[in-house]
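*Asks:* Structure below; questions to follow.
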Amino acid sequence: MLYVKNLHKSYQSGSKSYSVLKGIDLSVAKQEFVAVMGPSGSGKSTLLNCISCYIPFEEGTITLGGKELKGLDKNALAKVRNEKLGFVFQDFMLLDGLTVRENILVPRIIQGKVEREAEKLADQLMALFGINHIAGKYPADISGGERQRTAVARSLINQPLLILADEPTGNLDSKSSRAVIESFESARNKLGASIFMVTHDSFAASFCDRVILLKDGVVYDTLEAGVGHREEKRSAFQDRLLDAIRKMSSLDAESEKDTAGGM
């Protein structure tokens with residue numbers, strides 16, 4: 001459903017060019033929940049911005065639902081972002097002057113398509129994520145977890161091909177984080193949603209089907225969740241993630257030590 005092939009992205013600073021993504025290959029299948037993890041500077045945010053076509057890339061292809069995104073004009077890209085992609089941000093990005101229900105309907109308001117079907121779907125999403133009791137409240141009057149679940153519902157109102165989530169639990173406590181991640185799970189299991197999430201949180205990532213580890217702009221490793229009881233599987237998967245992250249970090253430490261020793 002999403003295919004990224006040989007993706008390269010660099011930034012220019014004066015006369016110097018800095019390579020950030022160095023030939024990334026990955027995919028997300030329909031109804032799959034995939035996370036990307038990696039240290040600061042590994043290219044996670046750049047990768048997400050390339051997929052959403054907010055920044056251009058030099059080489060490679062990004063295909064979403066059979067459509068190649070590179071080369072689309074700005075109007076076509078805006079249509080893809082509004083209709084084919086849903087976005088969930090760390091800082092919620094809700095409109096303070098709108099109620100929870102109105103915030104969920106914003107993408108339809110932009111399209112001028114606030115029909116009865118959209119209103120019914122908004123009500124279904126609020127019920128699914130346990131926020132129907134705050135439908136008439138404003139963002140300032142609800143908790144961080146409720147704001148983020150509102151944002152998840154908003155990302156689904158256009159029934160997109162893919163949800164892009166950028167550190168969705170970064171500003172939340174553990175209880176709220178779990179509620180938000182479980183809302184993603186509900187979206188996948190009950191609505192057939194596909195989710196691609198950038199995160200630094202191994203707990204959040206442990207709920208995913210796969211986790212892609214980035215290091216220095218390349219795919220360092222890909223881990224798949226096992227089968228078994230949900231909580232046992234999640235806990236074991238988190239342990240495996242932490243082991244892989246520690247191994248990746250130890251390689252960096254050894255490299256720095258070798259460099260220092262050679263001076």
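By order of appearance in the structure tokens: chains A, B, ..., then residues from 1 within every chain, and ligands from 1 in the order shown.
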Would you give me, as a ChimeraX atom specification, the residues in stretch 4-105 of chain A that DSSP reads as strand (DSSP E)?
*Replies:* /A:4-13,16-28,33-37,59-64,67-68,85-88
*Asks:* Go ahead and write the selection's residues with C-alpha atoms as a PDB file, in the first residue's frame.
*Replies:*
ATOM      1  CA  VAL A   4       9.378   3.590  -0.343  1.00  0.00           C
ATOM      2  CA  LYS A   5      12.251   2.574  -2.605  1.00  0.00           C
ATOM      3  CA  ASN A   6      15.874   3.791  -2.559  1.00  0.00           C
ATOM      4  CA  LEU A   7      14.962   7.096  -0.916  1.00  0.00           C
ATOM      5  CA  HIS A   8      17.745   9.671  -0.707  1.00  0.00           C
ATOM      6  CA  LYS A   9      17.512  13.084   0.907  1.00  0.00           C
ATOM      7  CA  SER A  10      20.249  15.598   1.701  1.00  0.00           C
ATOM      8  CA  TYR A  11      20.410  19.147   3.028  1.00  0.00           C
ATOM      9  CA  GLN A  12      22.626  21.948   1.812  1.00  0.00           C
ATOM     10  CA  SER A  13      24.483  24.208   4.236  1.00  0.00           C
ATOM     11  CA  LYS A  16      28.447  21.546   1.960  1.00  0.00           C
ATOM     12  CA  SER A  17      25.843  18.849   1.420  1.00  0.00           C
ATOM     13  CA  TYR A  18      24.753  16.580   4.281  1.00  0.00           C
ATOM     14  CA  SER A  19      23.132  13.272   3.435  1.00  0.00           C
ATOM     15  CA  VAL A  20      20.254  12.404   5.803  1.00  0.00           C
ATOM     16  CA  LEU A  21      18.500   9.490   4.080  1.00  0.00           C
ATOM     17  CA  LYS A  22      20.795   7.088   2.240  1.00  0.00           C
ATOM     18  CA  GLY A  23      18.728   4.660   0.215  1.00  0.00           C
ATOM     19  CA  ILE A  24      15.747   3.828   2.452  1.00  0.00           C
ATOM     20  CA  ASP A  25      13.540   0.874   1.450  1.00  0.00           C
ATOM     21  CA  LEU A  26      10.360   0.098   3.402  1.00  0.00           C
ATOM     22  CA  SER A  27       6.687  -0.704   2.993  1.00  0.00           C
ATOM     23  CA  VAL A  28       3.450  -0.596   4.961  1.00  0.00           C
ATOM     24  CA  PHE A  33       0.699  -0.761  12.248  1.00  0.00           C
ATOM     25  CA  VAL A  34       4.386   0.062  11.679  1.00  0.00           C
ATOM     26  CA  ALA A  35       6.733   2.179  13.792  1.00  0.00           C
ATOM     27  CA  VAL A  36      10.054   3.823  13.026  1.00  0.00           C
ATOM     28  CA  MET A  37      12.568   4.310  15.825  1.00  0.00           C
ATOM     29  CA  GLU A  59      16.340  10.049  -5.496  1.00  0.00           C
ATOM     30  CA  GLY A  60      13.934   7.165  -5.085  1.00  0.00           C
ATOM     31  CA  THR A  61      10.192   6.640  -5.280  1.00  0.00           C
ATOM     32  CA  ILE A  62       7.274   6.872  -2.864  1.00  0.00           C
ATOM     33  CA  THR A  63       4.115   5.070  -3.963  1.00  0.00           C
ATOM     34  CA  LEU A  64       0.846   5.373  -2.032  1.00  0.00           C
ATOM     35  CA  LYS A  67       0.142   6.378  -7.132  1.00  0.00           C
ATOM     36  CA  GLU A  68       3.693   7.664  -7.411  1.00  0.00           C
ATOM     37  CA  LEU A  85      -3.301  10.774   4.320  1.00  0.00           C
ATOM     38  CA  GLY A  86      -4.304  11.376   7.925  1.00  0.00           C
ATOM     39  CA  PHE A  87      -1.962  13.192  10.320  1.00  0.00           C
ATOM     40  CA  VAL A  88      -1.449  12.924  14.082  1.00  0.00           C
TER      41      VAL A  88
END
*Asks:* Considering only C-alpha atoms, return as a ChimeraX atom specification whatever protein or nucleic-acid residues lie within 12 Å of A:Ile104, sequence-local ones (same chain, fewer than 2 positions apart) excluded.
*Replies:* /A:86-88,92-95,98-102,106-110,114,118-126,131-132,135-136,138-139,147-158
*Asks:* Using only C-alpha atoms, determine which residues lie at most 12 Å from stretch 227-236 of chain A, disregarding the query and same-chain residues fewer than 6 positions distant; provide the list as a list in words.
*Replies:*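 Listed by chain and then number, they are Glu185, Ser202, Phe203, Ala204, Ala205, Ser206, Phe207, Cys208, Asp209, Arg210, Leu242 and Asp243 of chain A.
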*Asks:* I need the chosen residues saved as a short mmCIF file (atom, residue, chain, number, x, y, z; two decimals), in the first residue's frame, with N, CA and C atoms.
*Replies:*
data_model
loop_
_atom_site.label_atom_id
_atom_site.label_comp_id
_atom_site.auth_asym_id
_atom_site.auth_seq_id
_atom_site.Cartn_x
_atom_site.Cartn_y
_atom_site.Cartn_z
N GLU A 185 -4.84 0.92 17.61
CA GLU A 185 -5.16 -0.50 17.43
C GLU A 185 -6.62 -0.69 17.04
N SER A 202 9.56 3.01 23.29
CA SER A 202 9.54 1.56 23.04
C SER A 202 8.22 0.93 23.50
N PHE A 203 7.60 1.51 24.53
CA PHE A 203 6.30 1.00 24.98
C PHE A 203 5.26 1.16 23.88
N ALA A 204 5.18 2.35 23.29
CA ALA A 204 4.24 2.58 22.20
C ALA A 204 4.56 1.68 21.01
N ALA A 205 5.84 1.56 20.68
CA ALA A 205 6.25 0.75 19.54
C ALA A 205 5.94 -0.73 19.73
N SER A 206 5.88 -1.18 20.99
CA SER A 206 5.66 -2.60 21.25
C SER A 206 4.26 -3.05 20.87
N PHE A 207 3.35 -2.12 20.60
CA PHE A 207 2.01 -2.46 20.16
C PHE A 207 1.94 -2.66 18.64
N CYS A 208 3.03 -2.37 17.95
CA CYS A 208 3.04 -2.41 16.48
C CYS A 208 3.27 -3.82 15.94
N ASP A 209 2.94 -3.98 14.66
CA ASP A 209 3.21 -5.24 13.98
C ASP A 209 4.69 -5.36 13.62
N ARG A 210 5.29 -4.24 13.25
CA ARG A 210 6.72 -4.20 12.90
C ARG A 210 7.32 -2.89 13.40
N LEU A 242 14.24 -3.15 23.02
CA LEU A 242 15.23 -2.51 23.88
C LEU A 242 16.61 -3.14 23.68
N ASP A 243 16.65 -4.46 23.50
CA ASP A 243 17.93 -5.14 23.23
C ASP A 243 18.53 -4.65 21.93
#
*Asks:* So how far away is atom CA of A:Lys30 from atom CA of A:Glu146, in Å?
*Replies:*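 Separating atom CA of A:Glu146 from atom CA of A:Lys30 is a distance of 26.5 Å.
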